[in-house]
Amino acid sequence: MDSRYNSQQTEDEIYALWEKADAFNPDSVKKLRQRNDNKLNEQATSTNEQIASTGKQFSIIMPPPNANDPLHVGHAMFVALEDIMIRYHRMLGDDTVWIPGTDHAGIETQFVFEKKLKKDGKSRFNFDRSTLFKMIWDYVKANSEVAKDQIKKLGASADWSRFKFTLDKDIVENVTKTFQLLYEDGLIYRDLKLVNYCTRCGTSYSELEVDHEEKIDPLYTIQYGPLQVSTVRPETIFGDVAVAVNPNDDRYKQYIGKMIGVEFPWGKKTMPVISDEYVDPKFGTGVVKVTPYHDQNDFQMWETHKNEISEIPVPVINTSGKIYNAPKKYNGLGVINARAAIIEDYEAYKNSLGNSLLINIDKKYSHSVGICYRCSKPIEPLPLPQLFIKVADTSNPKNKKLNLVQRALETLDSRATKIHGAGREKILRHWLNNLQDWNISRQIVWGIPIPVWYKINGNEDKITVSFVDRNKAYQTGPLSKWLKTTSLEEIKQNIQSINAEISVPYSVSIEDPKLAATTEKDGSNYIQETDTFDTWFSSSQWPVVTLKTNNKKDFERFYPTSVMETGYDILPFWVMRMMLLGNYLTGKTPFKNVYLHGLIRDEKGKKMSKSKGNVINPLEVKEKFGADALRMALVIRSTPGQDKSVGKPDFKATRNLTNKIWNAARFTILMFENPHETSFIKNAPGDAEYLKKLNSVISETSKHLSDLKIGLAAEVIYNEFWHWYCDICIENAKQGKISLEVLKIGLTTFLKLLHPFMPFITESIWQELRKEKIVSEKLLIVSDWPTQVS
RNA sequence: GAACUUGUAGCUCAGUUGGUUAGAGCGCUUCGUUGACAUCGAAGAGGUCAGAGGUUCGAGUCCUCUCAAGUUCACCA
């Protein structure tokens with residue numbers, strides 16, 4: 001053995017050794033474990049029963065990384081933590097599985113791909129949806145092995161034979177089926193609501209995906225008939241249908257319920273004055289103009305006062321962020337330009353009395369604006385017909401299954417799901433208690449199609465289609481117009497998107513309802529919704545669908561899973577929604593424990609970001625220091641829910657640990673090969689106490705691992721190995737104070753205890769020890785976890 | 001406005017149901033190659049555990065308040 005451990009030489013070899021033995025697959029591990037010890041195999045079968053399985057199961061579903069994303073240090077963190085748990089339980093003899101997978105990451109991936117298109121001078125509007133989908137599919141496929149390979153390089157002992165991708169055919173079928181079930185249970189509805197829409201990304205988002213930013217914008221106060229109103233968004237003024245004041249505001253009581261005439265630079269209009277508690281008399285002028293289709297609060301006011309408002313609201317900003325349904329000169333302008341043009345007109349305009357309608361401009365008005373979490377462009381609240389999941393249906397209190405939120409809270413109350421991570425359970429409960437219905441429609445191609453079909457016959461005017469025509473030109477308009485010149489089949493083939501009015505009847509069906517045997521038979525034609533599911537809709541079923549689509553018995557065998565391990569940053573997006581849908585689909589929690597790791601920060605405690613240049617590339621660290629050192633550095637002294645700073649000094653320290661392990665083993669082998677007189681001492685004076693201490697290290701490490709205290713377990717094993725075993729015991733053995741025999745027991749015990757944390761070096765040493773006939777078990781990975789020694 | 005988290009050695013952080021003398025890594029000082037390891041070993045310096053009060057035989061740990069830092073949520077015409 002060399003005097004230094006060379007991680008680069010051994011890691012790939014060792015991983016191949018495990019893969020060849022099929023040591024990650026629970027279906028073969030049991031046999032492997034029985035055959036692992038040559039000696040045992042030669043003896044009576046009764047010995048075999050001792051190492052047979054514990055009868056317990058242990059399962060983890062890997063949080064699927066984006067299929068086309070290279071690894072960052074957060075991935076390395078989850079690989080390290082999950083692999084530690086998995087290897088520990090595998091060695092204990094539990095029926096252990098770790099199911100890997102990747103995510104299509106709808107919006108993220110389409111966004112990246114569109115950037116690529118843009119470089120080539122193209123956009124998504126150049127392609128029909130099936131062509132675009134295929135292009136993205138090929139792109140993702142070309143990159144998809146990257147994530148997989150990198151996870152392997154970190155030593156993940158995941159069962160690759162059970163690998164799943166969120167767009168695998170069987171996964172898609174299951175996800176679609178779930179939608180049907182939800183629909184049949186009345187938990188799906190289609191409604192025209194204000195949704196959070198990003199006009200740059202071209203899709204809507206759920207409320208969880210909207211970020212907020214403090215902005216300073218001019219606040220304009222304008223004359224509004226006899227009243228004055230303040231607004232930062234004069235461009236929405238064309239959509240106003242009423243004016244609202246507080247019912248107790250004496251200044252305006254006289255106007256409530258009356259119609260007022262309002263003069264604009266472009267004309268006049270009358271509208272009612274309504275009263276609503278929402279209006280704060282102290283803010284601004286105490287008068288609010290009501291623009292139902294472009295402001296969430298206004299929308300709510302409109303819904304409660306519908307009867308008092310005769311005018312039917314119209315949207316005035318379209319999905320491209322352009323003005324429409326307005327006086328001609330403003331139509332087609334972008335939001336920012338429209339605002340400028342309107343203010344310019346207000347500044348120039350004088351009414352019949354010669355007064356300006358623009359009362360005041362507060363240029364330092366600070367407010368918070370919803371922005372797109374992806375591209376930071378302001379989110380536009382737009383009225384769009386979208387599909388929603390009712391998260392807390394209380395209409396039938398007897399059917400508890402339908403109240404998804406309630407069920408999730410119950411699993412927390414009963415401790416069927418335990419949250420590990422500083423204070424995160426309270427946050428989760430807060431989220432659950434305030435959850436809005438979940439908008440699952442996304443206006444992108446890269447995702448699972450929604451199985452909703454609109455009835456065409458009789459609704460041709462209410463369905464707008466966009467498609468690429470024979471001349472590769474982009475066309476859009478009502479179906480009634482296009483059906484005169486183009487066949488339905490041709491439109492369907494070249495479709496980009498459709499938009500059906502809320503009144504259009506639809507059915508939920510995997511196939512075209514016209515052709516499907518089970519549904520409507522009136523001969524009508526149908527056209528499928530072009531929206532796709534929110535990516536989180538499929539990932540929120542991940543524990544269920546991965547188990548259901550693998551080996552038939554996997555679901556019964558491994559559900560509910562033991563631990564869901566992921567970063568706390570996706571607690572509301574993912575973990576919470578897995579609880580909603582997992583409980584709904586199976587009646588059981590999808591996981592017994594949630595382990596939320598913290599963010600990895602740089603050595604100064606700063607967040608990592610590309611712009612700061614302080615990003616740690618896990619593969620670079622692996623090359624320099626070894627995967628074992630990387631894993632240990634990330635994990636040691638980490639606590640769930642708490643961020644962790646890691647830097648080069650940490651990797652160096654754990655790399656030194658690998659070298660220490662290497663040399664301790666080397667020394668033991670040397671002693672066996674080249675014995676001194678002291679080596680033959682039996683039952684040395686220090687043996688008893690030494691073994692007692694060794695036993696306490698075993699039980700302490702095991703307890704921490706069982707309690708999911710990974711960081712603590714790592715620290716214990718590190719300190720005891722280095723500062724007790726190496727610094728004290730080896731020195732004592734040199735002096736004959738403890739015998740070589742127990743020193744060997746210590747070494748093999750520590751190799752086993754260290755193996756979950758540092759799998760490569762420990763297995764590699766194990767193989768050396770086998771060559772020297774110091775140990776008999778063939779593979780450390782499937783060896784028995786140490787029990788008390790005597 | 002609200003919630004949550006954090007405050008322990010120069011730096012980055014552990015500290016298990018409250019229980020001897022509060023730990024690790026890096027850094028620092030002084031020595032040291034004696035059967036593995038200089039990617040090492042030995043010895044050492046360095047802490048009023050943010051502050052104040054309380055519960056307790058006993059508090060870094062539990063409670064209250066104050067201060068500071070961070071994160072998230074909500075609201076804003």
# chains A, B, ... in the order shown; residues from 1 in each chain; ligands from 1
>>> interface_residues(of="chain B", to="chain A", cutoff="10 Å", atoms="only C-alpha atoms (C1' of nucleotides)", output="PyMOL selection string")
chain B and resi 3-6+11-16+24-26+35-37+39-41+72-73+75-77
>>> select_by_dssp(residues="range 175-216 of chain A", states="helix (DSSP H, G or I)", output="PDB file with N, CA, C and O atoms, in the first residue's frame")
ATOM      1  N   VAL A 175     -49.843  10.238 -13.581  1.00  0.00           N
ATOM      2  CA  VAL A 175     -50.099  11.632 -13.217  1.00  0.00           C
ATOM      3  C   VAL A 175     -51.432  12.093 -13.811  1.00  0.00           C
ATOM      4  O   VAL A 175     -52.237  12.746 -13.154  1.00  0.00           O
ATOM      5  N   THR A 176     -51.662  11.707 -15.066  1.00  0.00           N
ATOM      6  CA  THR A 176     -52.901  12.080 -15.735  1.00  0.00           C
ATOM      7  C   THR A 176     -54.097  11.443 -15.039  1.00  0.00           C
ATOM      8  O   THR A 176     -55.146  12.055 -14.871  1.00  0.00           O
ATOM      9  N   LYS A 177     -53.909  10.205 -14.637  1.00  0.00           N
ATOM     10  CA  LYS A 177     -54.953   9.472 -13.921  1.00  0.00           C
ATOM     11  C   LYS A 177     -55.336  10.199 -12.622  1.00  0.00           C
ATOM     12  O   LYS A 177     -56.515  10.308 -12.283  1.00  0.00           O
ATOM     13  N   THR A 178     -54.326  10.701 -11.947  1.00  0.00           N
ATOM     14  CA  THR A 178     -54.584  11.434 -10.699  1.00  0.00           C
ATOM     15  C   THR A 178     -55.485  12.631 -10.963  1.00  0.00           C
ATOM     16  O   THR A 178     -56.409  12.908 -10.211  1.00  0.00           O
ATOM     17  N   PHE A 179     -55.224  13.308 -12.073  1.00  0.00           N
ATOM     18  CA  PHE A 179     -56.050  14.464 -12.428  1.00  0.00           C
ATOM     19  C   PHE A 179     -57.503  14.025 -12.625  1.00  0.00           C
ATOM     20  O   PHE A 179     -58.431  14.680 -12.154  1.00  0.00           O
ATOM     21  N   GLN A 180     -57.662  12.901 -13.306  1.00  0.00           N
ATOM     22  CA  GLN A 180     -59.016  12.378 -13.521  1.00  0.00           C
ATOM     23  C   GLN A 180     -59.710  12.074 -12.208  1.00  0.00           C
ATOM     24  O   GLN A 180     -60.879  12.401 -12.016  1.00  0.00           O
ATOM     25  N   LEU A 181     -58.971  11.440 -11.289  1.00  0.00           N
ATOM     26  CA  LEU A 181     -59.551  11.111  -9.985  1.00  0.00           C
ATOM     27  C   LEU A 181     -59.975  12.373  -9.252  1.00  0.00           C
ATOM     28  O   LEU A 181     -61.075  12.447  -8.697  1.00  0.00           O
ATOM     29  N   LEU A 182     -59.089  13.359  -9.268  1.00  0.00           N
ATOM     30  CA  LEU A 182     -59.402  14.632  -8.607  1.00  0.00           C
ATOM     31  C   LEU A 182     -60.642  15.255  -9.236  1.00  0.00           C
ATOM     32  O   LEU A 182     -61.508  15.787  -8.546  1.00  0.00           O
ATOM     33  N   TYR A 183     -60.728  15.155 -10.548  1.00  0.00           N
ATOM     34  CA  TYR A 183     -61.868  15.723 -11.260  1.00  0.00           C
ATOM     35  C   TYR A 183     -63.156  15.016 -10.859  1.00  0.00           C
ATOM     36  O   TYR A 183     -64.167  15.654 -10.551  1.00  0.00           O
ATOM     37  N   GLU A 184     -63.082  13.697 -10.822  1.00  0.00           N
ATOM     38  CA  GLU A 184     -64.274  12.928 -10.452  1.00  0.00           C
ATOM     39  C   GLU A 184     -64.700  13.215  -9.014  1.00  0.00           C
ATOM     40  O   GLU A 184     -65.875  13.133  -8.676  1.00  0.00           O
ATOM     41  N   GLU A 207     -49.418  31.229  -6.674  1.00  0.00           N
ATOM     42  CA  GLU A 207     -49.028  32.370  -5.843  1.00  0.00           C
ATOM     43  C   GLU A 207     -47.681  32.122  -5.165  1.00  0.00           C
ATOM     44  O   GLU A 207     -46.986  33.055  -4.783  1.00  0.00           O
ATOM     45  N   LEU A 208     -47.295  30.856  -5.042  1.00  0.00           N
ATOM     46  CA  LEU A 208     -46.022  30.557  -4.371  1.00  0.00           C
ATOM     47  C   LEU A 208     -44.816  30.964  -5.205  1.00  0.00           C
ATOM     48  O   LEU A 208     -43.722  31.119  -4.703  1.00  0.00           O
ATOM     49  N   GLU A 209     -45.045  31.092  -6.512  1.00  0.00           N
ATOM     50  CA  GLU A 209     -43.917  31.372  -7.388  1.00  0.00           C
ATOM     51  C   GLU A 209     -43.724  32.857  -7.681  1.00  0.00           C
ATOM     52  O   GLU A 209     -42.920  33.227  -8.513  1.00  0.00           O
TER      53      GLU A 209
END
>>> closest_residue(among="A:Thr476, A:Pro292, A:Gly186, A:Thr748", to="Val508 in chain A", atoms="only C-alpha atoms")
A:Gly186
>>> select_by_dssp(residues="range 244-437 of chain A", states="strand (DSSP E)", output="PyMOL selection string")
chain A and resi 244-245+259-264+267-275+287-290+358-372+380-389+418-420
>>> residues_around(residues="range 49-55 of chain B", least_positions_apart="4", cutoff="6 Å", atoms="only C-alpha atoms (C1' of nucleotides)", output="number ranges by chain")
B: 7-8, 60
>>> atom_distance(atom1="CA of Ser310 in chain A", atom2="CA of Glu235 in chain A")
22.1 Å
>>> residues_around(residues="Glu263 in chain A", least_positions_apart="4", cutoff="10 Å", atoms="only C-alpha atoms (C1' of nucleotides)", output="PyMOL selection string")
chain A and resi 223-226+267-270+351+357
>>> closest_residue(among="A:Tyr725, A:Tyr220, A:Tyr330, A:Tyr373", to="Ile359 in chain A", atoms="only C-alpha atoms")
A:Tyr220
>>> closest_residue(among="A:Lys418, A:Lys607, A:Arg87, A:Lys737", to="Tyr595 in chain A", atoms="only C-alpha atoms")
A:Lys418
>>> atom_distance(atom1="CA of Ile84 in chain A", atom2="CA of Asn6 in chain A")
21.9 Å
>>> atom_distance(atom1="CA of Val563 in chain A", atom2="CA of Ile60 in chain A")
5.5 Å
>>> closest_residue(among="A:Asp149, A:Ser466, A:Lys118, A:Ser320", to="Tyr15 in chain A", atoms="only C-alpha atoms")
A:Asp149
>>> residues_around(residues="U30 in chain B", least_positions_apart="4", cutoff="12 Å", atoms="only C-alpha atoms (C1' of nucleotides)", output="list of chain:residue names")
B:A42, B:A43, B:G44, B:A45
>>> write_last_selection(atoms="C-alpha atoms (C1' of nucleotides)", output="mmCIF file, in the first residue's frame")
data_model
loop_
_atom_site.group_PDB
_atom_site.id
_atom_site.type_symbol
_atom_site.label_atom_id
_atom_site.label_comp_id
_atom_site.auth_asym_id
_atom_site.auth_seq_id
_atom_site.Cartn_x
_atom_site.Cartn_y
_atom_site.Cartn_z
ATOM 1 C "C1'" A B 42 2.781 16.113 21.851
ATOM 2 C "C1'" A B 43 2.047 20.288 24.973
ATOM 3 C "C1'" G B 44 -0.315 25.033 25.191
ATOM 4 C "C1'" A B 45 -2.790 29.943 24.674
#
>>> residues_around(residues="range 94-104 of chain A", least_positions_apart="4", cutoff="6 Å", atoms="only C-alpha atoms (C1' of nucleotides)", output="PyMOL selection string")
chain A and resi 26+53-54+56-62+64-67+89-90+158-159+163-166
